Amino acid sequence: MKKFDKERLLLALAGPVIALVAAMVLTSVVLVASGKNPVEPYTLMFEQATYSDVQVLIINEAGMYYLAALAVAVGFRMNLFNIGVDGQYRLAAMVTAVVGAHVSLPSALQIPLLIAVAMLTGAFWAGIAGILKTTRGVSEVVATIMLNAIATSVIAYLTLDENFGVPVGNNNTTGVMHSSGWFPGIDMGASGEIYGFVIVAALAGVLYWLVLNRTRFGFDLRATGASESAAAASGVNAKRMVLTAMLISGAVAGLAGLPILLGDVHTYSLSFPTGLGFTGIGIALLGRNSPVGIALASLLWAFLVKASQALDYKGYDKEIAVIMQGLIVIAVVVSYEAVRRWGLKRQQQRVGEELAAAARRAGTGGTNDTVKEVAAR
Amino acid sequence: MRGAGPFPLSPRGECAIDASTTPPPTATTACAVELTGITKRFPGVVANHDIHLSVRKGTVHALVGENGAGKSTLMKILYGMQKPDEGTIAVDGEQVAFHSPADAIARGIGMVHQHFMLADQLTVLENIVLGSEKLYGIGAGARRKVLELSERYGLGVRPDVYVEDLGVADRQRVEILKVLYRGATTLILDEPTAVLVPQEVDALFDNLRELKAEGLSVIFISHKLGEVLSVADDITVIRRGTTVGTAVPAETTPRQLAELMVGSELPTPETAESTVTDRPMIEVEELRLLAEGSARALLDDISFTIHEGEVLGLAGVEGNGQTELIDALIGLKHADSGSIRLAGEDITAWATRRRRERGVGYIPEDRHRHGLLLESPLWENRILGHVTEKPNSRGPGGFWLDPKGAQADTRRIVEEYDVRTPGIDVTAASLSGGNQQKLIVGREMSHKPRFLIAAHPTRGVDVGAQAQIWDQIREARREGLAVLLISADLDELIGLSDTLRVIYRGRLVADADPATVTPEELGSAMTGAASGHLEHVEEPEDPKGPKGPADPEDTAAAQAPAPADTTPAPEGARAAENVQEAAGPEDEAR
């Protein structure tokens, strides 16, 4: 039995390692092709990562990536592709900012209220796609892409001056939130402040694992993702499961913008970070939908983004990091599938071998009749 | 085992004239195909080991063996889909090496797969020409060739009919013609009778005799021994990946052949006493199910009752509503009208999970699609379908999963049901089909079902596991389980059922008593040729037309005062004969 476990660990590591190495090699090829030093950018980036203020930036960024990737992963676990995390978190952040600016309760109530508002908004926006899929059979991919665009317009409309907008200079904001809704951070002195919401993100990861692996609901969700037909025959209501998974995914997505909103900017403005949802898709893929894997992938991604800022000063384009991210995503998809197939085949062979060995032992010891066929086809 | 039996066996078939074991040598003792010392290893498993097979020209050569004995691998090697690790292949006395099926076709070897590879939306002619347009063009030349081949081998193929309008037997003939069109002189038929009813099997055999009369050779893969003995000129038996002997049909009985195939004494069919009670467990009334978005009925007027301790066998050609009936019973589809009652409780509107929690067990017809999570470990597969029940979950309403409990119980199932696996953490996909099925049966039986839907419970399962699964069902039946048994294996149906029904085009058209009915009679009802109560009679004059619900015995009594014509004295003799008939094929199935 131990052999299988060791092998499984090896398989789990092989996919990402192969993907990362391949992506680095290919990035170096790009550097060489453009007449640059293929190694120096890496050393520069690693050097950056040793500064504690960059480390704080990386952790803060990773916290947001983590929540966005968890939202995507919930969908992935049940074969739903929620591309709409991007629209969901932006809309949720905007609505939360508005509520935070207009409602003033004590912190103990204000923060839970804001979190609930964010989750409900995200769930609502994702739920539209869920309902379209269950009632009209609209692919959630198409629906969520459309909803992303609609979310952008809705946000633009709601942040107009005559609605909830508060112009600050030439920036459109939603007004500063009441300080009772600010989420306390962890002071790191001169290096800056780690968003307190990063801890909430970590808790969300624990909850994600617990629900998926230790509850009946999680089993049903995973079963539906693994084989919808088998799950239906086992008694899962597939339609309800689609809707539920979309709602959960949207609710988690709603949290993705909160670390920076509650921890730093305290308003939704034109400069609010965009594209977290799409980043989350790549990270969920790289992290294989596992809470620990996603955490590592989030840190890696945040490292690439934050450490590459310094490349500009040394004559390198910081877009190298973007190229590398793209290559990682492609390499991940290819290498995971290859490793998965190889692992499955390998296990079938192992089972065959062990059974054949057992049969041989039985065969030499006793009657011939106990030796049975071993998957000879 | 080699040569151990008291029956005529030669250690291996030789094409050279060997008067002592092969039939009287004729002018055609030349070899069409000769395989010598074929060995094929897959990592960890030797699929074929030192196989010898000699197919004489102008003969039907049967290759028999259990599921998983290595027949398919051998044929894949002969058809160029896989390369042997050792051994040689000779065609017409000339040694060859195939790299792809195209090479095999070029040497005149054609294969008719078990699952047809035809495009429904094309005509027969188009299907035949597809991919071989260069041979005779696509127009008049091709048509002429098709008609000529059809004529010469008595296939009766109509070139302009769409394949979607053809029945299974016709499709098979199209497949055969497709192979002939490409110039095959040796045809490999992989389990050709699995999808046919007995009458169609006879027609196929007539076709095969035509083929060999024209000098073609046929390799016929089967594990139905009665058929093999009736059509084959030579038989090669393969067991555990190696040839264990050859047999001459005229001098061999099905039982001897079966023992050779299995390698041990066969279990005798159990004469089980009836355990049927008068307490209805599942009652279905006038069930009707419409195709989605149309008024076409997939199931219509389905009514039956299964009592505690009763096995109701449902015969029918696949695709006549069996799948829909299963879906309606397990709750995947909901009836448009009619009702289903479980132990008196109306469950028509219940969802699948509630039905399963309340004691509906399910052995699905397609275990990969409906019974397993292939890439999940065995213990998670043990949870599937019973996630709300102990030992898989605990807490209020079974909220929390109980991996430890499930794992422990999986170990018990593996032990009790003899699932061959190195552990419970391997994926379901790494087990062989028979072991997957044993796991499913163990899982379903572990929850003490009151009503079991068993669809093809022994399909693709080796002989040992088959007997074991049958025993499990019999044992549970004794304890009051009601079973709906759906199977394509008529011998299994007849051997295991207390009552038989025939489904045809979504309706239950006939019923029969398994103690007296023959597979042939069931077969004719399965094609819609007979309906009502199937009464076994020797006289073909018996009015077999659609009788409706009227009891035939009453009608006979009222209409036929002339005595002793249909029922009288030979009752005992007839019953005895039926027992024999039923027992013979039962052996084959094992």
# chains A, B, ... in the order shown; residues from 1 in each chain; ligands from 1
>>> residues_around(residues="A:Asp53", least_positions_apart="6", cutoff="12 Å", atoms="only C-alpha atoms", output="MDAnalysis selection string")
chainID A and resid 59:60 187:194 306:307
>>> residues_around(residues="stretch 282-291 of chain A", least_positions_apart="5", cutoff="9 Å", atoms="only C-alpha atoms", output="number ranges by chain")
A: 12, 15-16, 19, 65-66, 68-74, 76-77, 202, 205-206, 208-209, 296-298, 301, 325-326, 328-329, 332-333, 336
>>> select_by_dssp(residues="stretch 438-471 of chain B", states="alpha helix (DSSP H)", output="tab-separated table (two decimals) with N, CA and C atoms, in the first residue's frame")
chain	number	residue	atom	x	y	z
B	438	LYS	N	-18.05	-7.12	-9.27
B	438	LYS	CA	-18.19	-7.72	-7.95
B	438	LYS	C	-18.27	-6.64	-6.87
B	439	LEU	N	-17.49	-5.58	-7.06
B	439	LEU	CA	-17.54	-4.47	-6.11
B	439	LEU	C	-18.93	-3.84	-6.10
B	440	ILE	N	-19.49	-3.66	-7.29
B	440	ILE	CA	-20.82	-3.05	-7.37
B	440	ILE	C	-21.86	-3.95	-6.71
B	441	VAL	N	-21.80	-5.23	-7.02
B	441	VAL	CA	-22.76	-6.16	-6.43
B	441	VAL	C	-22.61	-6.17	-4.91
B	442	GLY	N	-21.37	-6.20	-4.44
B	442	GLY	CA	-21.13	-6.19	-3.01
B	442	GLY	C	-21.69	-4.93	-2.36
B	443	ARG	N	-21.47	-3.82	-3.01
B	443	ARG	CA	-21.96	-2.55	-2.49
B	443	ARG	C	-23.49	-2.55	-2.38
B	444	GLU	N	-24.13	-2.97	-3.45
B	444	GLU	CA	-25.60	-2.92	-3.45
B	444	GLU	C	-26.18	-3.90	-2.44
B	445	MET	N	-25.58	-5.09	-2.36
B	445	MET	CA	-26.10	-6.10	-1.44
B	445	MET	C	-25.86	-5.71	0.01
B	446	SER	N	-24.83	-4.89	0.25
B	446	SER	CA	-24.49	-4.53	1.62
B	446	SER	C	-25.56	-3.66	2.27
B	463	VAL	N	-16.29	-16.63	-15.57
B	463	VAL	CA	-17.20	-17.68	-15.14
B	463	VAL	C	-17.32	-17.79	-13.62
B	464	GLY	N	-16.18	-17.72	-12.95
B	464	GLY	CA	-16.22	-17.87	-11.50
B	464	GLY	C	-17.06	-16.78	-10.86
B	465	ALA	N	-16.82	-15.54	-11.33
B	465	ALA	CA	-17.55	-14.41	-10.76
B	465	ALA	C	-19.03	-14.50	-11.12
B	466	GLN	N	-19.30	-15.02	-12.30
B	466	GLN	CA	-20.69	-15.14	-12.75
B	466	GLN	C	-21.48	-16.02	-11.80
B	467	ALA	N	-20.94	-17.20	-11.53
B	467	ALA	CA	-21.63	-18.13	-10.62
B	467	ALA	C	-21.82	-17.48	-9.26
B	468	GLN	N	-20.80	-16.73	-8.84
B	468	GLN	CA	-20.86	-16.10	-7.53
B	468	GLN	C	-21.96	-15.03	-7.47
B	469	ILE	N	-22.05	-14.24	-8.55
B	469	ILE	CA	-23.07	-13.20	-8.58
B	469	ILE	C	-24.46	-13.83	-8.59
B	470	TRP	N	-24.61	-14.91	-9.35
B	470	TRP	CA	-25.89	-15.61	-9.36
B	470	TRP	C	-26.25	-16.10	-7.97
B	471	ASP	N	-25.25	-16.65	-7.28
B	471	ASP	CA	-25.50	-17.14	-5.93
B	471	ASP	C	-25.95	-16.00	-5.01
>>> select_by_dssp(residues="stretch 110-353 of chain A", states="strand (DSSP E or B)", output="list in words")
Val166, Pro167, Val168, Asn171, Asn172, Thr173, Ile186, Asp187, Glu193, Ile194 and Thr215 of chain A
>>> write_last_selection(atoms="C-alpha atoms", output="PDB file, in the first residue's frame")
ATOM      1  CA  VAL A 166     -18.211  60.347  -5.643  1.00  0.00           C
ATOM      2  CA  PRO A 167     -15.646  62.018  -7.909  1.00  0.00           C
ATOM      3  CA  VAL A 168     -12.200  62.457  -6.403  1.00  0.00           C
ATOM      4  CA  ASN A 171     -11.143  59.352 -10.498  1.00  0.00           C
ATOM      5  CA  ASN A 172     -14.614  57.937 -10.006  1.00  0.00           C
ATOM      6  CA  THR A 173     -15.002  56.429  -6.541  1.00  0.00           C
ATOM      7  CA  ILE A 186      -1.077  42.934  10.576  1.00  0.00           C
ATOM      8  CA  ASP A 187       1.502  45.638  10.998  1.00  0.00           C
ATOM      9  CA  GLU A 193       0.948  45.896   6.448  1.00  0.00           C
ATOM     10  CA  ILE A 194      -0.411  42.459   5.631  1.00  0.00           C
ATOM     11  CA  THR A 215     -19.203  16.149   3.964  1.00  0.00           C
TER      12      THR A 215
END
>>> residues_around(residues="stretch 408-416 of chain B", least_positions_apart="2", cutoff="8 Å", atoms="only C-alpha atoms", output="PDB file with C-alpha atoms, in the first residue's frame")
ATOM      1  CA  LEU B 378     -12.438   1.910  -4.472  1.00  0.00           C
ATOM      2  CA  TRP B 379     -13.586   3.155  -1.085  1.00  0.00           C
ATOM      3  CA  ARG B 382     -18.207   2.099  -2.176  1.00  0.00           C
ATOM      4  CA  PRO B 391     -21.251   3.281   7.282  1.00  0.00           C
ATOM      5  CA  LYS B 404     -12.882   5.431   8.010  1.00  0.00           C
ATOM      6  CA  GLY B 405     -16.176   3.595   8.146  1.00  0.00           C
ATOM      7  CA  ALA B 406     -16.395   3.430   4.382  1.00  0.00           C
ATOM      8  CA  ASP B 418     -13.588 -11.776  -3.695  1.00  0.00           C
ATOM      9  CA  VAL B 419     -12.748  -8.518  -5.439  1.00  0.00           C
ATOM     10  CA  ARG B 420      -9.226  -9.019  -6.694  1.00  0.00           C
ATOM     11  CA  THR B 421      -7.298  -5.886  -5.894  1.00  0.00           C
ATOM     12  CA  ILE B 424      -8.815  -0.161  -1.562  1.00  0.00           C
ATOM     13  CA  LEU B 439     -17.537  -4.475  -6.109  1.00  0.00           C
ATOM     14  CA  GLY B 442     -21.129  -6.188  -3.007  1.00  0.00           C
ATOM     15  CA  ARG B 443     -21.963  -2.547  -2.489  1.00  0.00           C
TER      16      ARG B 443
END
>>> interface_residues(of="chain B", to="chain A", cutoff="8 Å", atoms="only C-alpha atoms", output="VMD selection string")
chain B and resid 43 to 47 68 to 70 72 to 73 240 to 241 263 to 264 330 332 351 to 354 356 368 to 373 375 384 to 388 393 398 to 403 420 to 423 425 to 427 429 to 433 462
>>> residues_around(residues="B:Val157", least_positions_apart="2", cutoff="10 Å", atoms="only C-alpha atoms", output="MDAnalysis selection string")
chainID B and resid 124:125 146:147 149:151 154:155 159:161 170:171 173:174 177
